[in-house]
Amino acid sequence: MSAPLEAAAISFDTDGHPVDLRYRDIYKSRHGGFIEAERVFVEGAMLETRWREADPASVFTVLELGFGLGVNFLASVRRWRQAESRPRRLAYVAIEAHPAQPPALVDALRVMGASPDEISEISSIWPIRLPGLHRLAFADDIELLLAFGDASEMLQRLSLAADAVYLDGFSPARNPAMWSAHLMRGIARRCRLGATLATYSSASAVRAALTGAGFDVSRAEGVGKKRESTRAVYAPRYRTFAPPAPAPRWPDRDAIVIGAGLAGAAVAARLARDGWQVTVLERAAEPATGGSGQPAASSHVPVTPDDNRAARLTRAALIQCNEWVPEHLRLGQGKLMLAATETDWQRQQECLARVRLPTEFARMVDADEASRIAGISLQRGGMWLPLGFSASPVALVRHWLGSTGILLRCSSPVESLVRTDAGRWQARGEGARSIAEASVVVLANAGDALRLGRLTSIELRCLRGQSTLLRWPHRGALDCAIGGDAYACPMNGADLLIGSTYADDTDERPRRDDDRSNLRRFARTLGMDPEPPSSLARSGVVGFRWSARDRMPLIGAVPDEAMAFSRAAALRRNERLPLPRRPGLYCTVGHGSRGLIAAPLAAAIIAAQLDGGPAPIEADLLESVDPARFLRRVLRRRDPLATFATPGAFAPIN
């Protein structure tokens, strides 16, 4: 569990320059923060030269240790926007242990000489103070990924390949941990060969640590009273660890997405925004059928005492949604997790005290405050999650699929996938007829993805869910989603959506018994007696949730099981060997009840893998959603082929 983040302690000295009270050091040079940023960092890392020499279709990644006020970032953006020749996208990843509070950030940037537009750009997307990664869309071709936490800890959690590095922590005398030899070796592990590095520090210990980590170090002119700065190029004579994987190269930026539900629509929209031509193939006659066919759904955001991986992943997914779920498509903002009993209240309170999340993300509210938030009278309070929301999955799917660069083809079932001699994928329908062809295929078709991906190591469970539409019999409209024994979502008009059941069957017909069950659980959630009469309710949509045995989704590159089985002995002997993947084949399935908020995050993960950009979540979370995680377990068995002998077969969990 990550420690809670303490905000930067920013003050201003007698000259009006921003100072950090914790480290008793100034931010940037008194000679001019942007002057230092441009001369020492942007020019020191030779960014313009590197951009001219880079592949125009690539993603260029800058890693910074010590984001501070973001002056180096803004200076890099200025130079990026002025550059005549540059790659397709800039990914800027910055680690910061003590994020600035928005008011102090704005004041300090104004003093440092940032323009009003720059201050507005960065303050409008500034995240709440949560440990972990925050992916922020600064502009169409610029991505800012803030890693909030201790530098040594967060560096280990990053999954990226840096092209340039900025070292801009407070001085080695004030903050020695930021300049240790151990940290420099950690930076080297995340650098591409030839990565350039720049820092204002000219300390001999810093230069020695960089040299020991494999950098060729040189001296450069400093700014102001700092006569010298340091430049370096990553050029190790040998490596004891595997280098970052090279970015994939695609002859054509075209993709097929199979499935037009939330998962498929989200990844199609993300790829289209990144310049891909996307064909979406849907088996049904229209998009958003099956589990994505609900007229409303609420975000499922677990908060657990141990802050486990599922909770962290869902939190990251919820933050990602801010960019991809526009306000006009939200039916309600926030979610109240009501406590059914006093014991539940105590459990929720103890959970928040243990996890220590900021109140902007989660806090306890009593019955009176809960009633004001919800807009209706409630008998109990509970946990208030302001970032939660409810929305119509159908409306979201249509919104995402309306993006430029997407061709939607319904009534197009895919019977098989074939890799051609030219290295492209063909989606084939009945009679082996080619439906579409592209460099990349993304499987977003729930349980059927296992058949098309020839995945025998994975088992997916299918659970039936039925919602109920309730004509709200009380005064006042519900202003937010409510969770508990059942969840309730506000809808346009007088109705509420109540749900949802869980059943191990595949009956697609609505059942009145399920409606009565939803009403009973809803009444218990709100403490209503009696429950709403069934005459005010009508059956909603029946959908099916698919989830893996560990209840984590399957996101990313699909493993090549046939090749892995042929190399089983070697892979068992050395688990550091990477598992083989099927080139150009990815999946986003198994989201269970979290599809509403998980789909945009899954799309960002796949987009990063396709372009070789930094992953938007920590490395351990990336491992927990890797579609190959079950294959690794199978390979540990004595004879995996005896257990999984039929390619494409899978068995549902009983």
# chains A, B, ... in the order shown; residues from 1 in each chain; ligands from 1
call {"tool": "closest_atom_pairs", "arguments": {"of": "region 526-568 of chain A", "to": "region 460-481 of chain A", "cutoff": "12 Å", "atoms": "only C-alpha atoms", "output": "Markdown table"}}
result
| residue | atom | partner | partner_atom | distance |
| --- | --- | --- | --- | --- |
| A:Met528 | CA | A:His474 | CA | 11.3 |
| A:Glu531 | CA | A:Pro473 | CA | 10.8 |
| A:Pro532 | CA | A:Pro473 | CA | 7.7 |
| A:Pro533 | CA | A:Pro473 | CA | 9.4 |
| A:Ser534 | CA | A:Leu470 | CA | 8.5 |
| A:Ser535 | CA | A:Leu470 | CA | 9.1 |
| A:Leu536 | CA | A:Arg471 | CA | 5.4 |
| A:Ala537 | CA | A:Leu470 | CA | 4.5 |
| A:Arg538 | CA | A:Leu469 | CA | 5.3 |
| A:Ser539 | CA | A:Thr468 | CA | 4.8 |
| A:Gly540 | CA | A:Thr468 | CA | 4.5 |
| A:Val541 | CA | A:Ser467 | CA | 5.7 |
| A:Val542 | CA | A:Gln466 | CA | 4.4 |
| A:Gly543 | CA | A:Gly465 | CA | 5.3 |
| A:Phe544 | CA | A:Arg464 | CA | 4.6 |
| A:Arg545 | CA | A:Leu463 | CA | 5.1 |
| A:Trp546 | CA | A:Cys462 | CA | 4.6 |
| A:Ser547 | CA | A:Arg461 | CA | 5.3 |
| A:Ala548 | CA | A:Leu460 | CA | 4.6 |
| A:Arg549 | CA | A:Leu460 | CA | 6.7 |
| A:Asp550 | CA | A:Leu460 | CA | 9.8 |
| A:Arg551 | CA | A:Leu460 | CA | 9.3 |
| A:Met552 | CA | A:Leu460 | CA | 10.6 |
| A:Pro553 | CA | A:Leu460 | CA | 10.0 |
| A:Leu554 | CA | A:Leu460 | CA | 10.0 |
call {"tool": "residues_around", "arguments": {"residues": "Arg22 (chain A)", "least_positions_apart": "5", "cutoff": "9 Å", "atoms": "only C-alpha atoms", "output": "ChimeraX atom specification"}}
result
/A:8-10
call {"tool": "write_last_selection", "arguments": {"atoms": "N, CA and C atoms", "output": "compact mmCIF listing (two decimals), in the first residue's frame"}}
result
# COMPACT_ATOMS: atom_id res chain seq x y z
N ALA A 8 3.35 19.67 -1.79
CA ALA A 8 4.54 20.52 -1.74
C ALA A 8 4.28 21.70 -0.81
N ALA A 9 5.29 22.02 -0.02
CA ALA A 9 5.19 23.16 0.91
C ALA A 9 5.82 24.37 0.24
N ILE A 10 5.03 25.09 -0.56
CA ILE A 10 5.55 26.20 -1.37
C ILE A 10 5.34 27.52 -0.65
call {"tool": "closest_atom_pairs", "arguments": {"of": "region 309-350 of chain A", "to": "region 379-385 of chain A", "cutoff": "12 Å", "atoms": "only C-alpha atoms", "output": "Markdown table"}}
result
| residue | atom | partner | partner_atom | distance |
| --- | --- | --- | --- | --- |
| A:Arg315 | CA | A:Leu385 | CA | 10.9 |
| A:Leu318 | CA | A:Leu385 | CA | 10.8 |
| A:Gln333 | CA | A:Leu385 | CA | 9.3 |
| A:Gly334 | CA | A:Leu385 | CA | 5.6 |
| A:Lys335 | CA | A:Leu385 | CA | 5.2 |
| A:Leu336 | CA | A:Trp384 | CA | 4.7 |
| A:Met337 | CA | A:Met383 | CA | 5.0 |
| A:Leu338 | CA | A:Gly382 | CA | 4.3 |
| A:Ala339 | CA | A:Gly382 | CA | 4.9 |
| A:Ala340 | CA | A:Arg380 | CA | 7.4 |
| A:Thr341 | CA | A:Arg380 | CA | 8.3 |
| A:Glu342 | CA | A:Arg380 | CA | 9.1 |
| A:Thr343 | CA | A:Gly382 | CA | 11.2 |
| A:Asp344 | CA | A:Gly382 | CA | 8.4 |
| A:Trp345 | CA | A:Gly382 | CA | 6.2 |
| A:Gln346 | CA | A:Gly382 | CA | 9.5 |
| A:Arg347 | CA | A:Gly382 | CA | 10.1 |
| A:Gln348 | CA | A:Met383 | CA | 6.8 |
| A:Gln349 | CA | A:Met383 | CA | 8.0 |
| A:Glu350 | CA | A:Met383 | CA | 11.2 |
call {"tool": "residues_around", "arguments": {"residues": "region 421-427 of chain A", "least_positions_apart": "4", "cutoff": "6 Å", "atoms": "only C-alpha atoms", "output": "PyMOL selection string"}}
result
chain A and resi 417+434-439
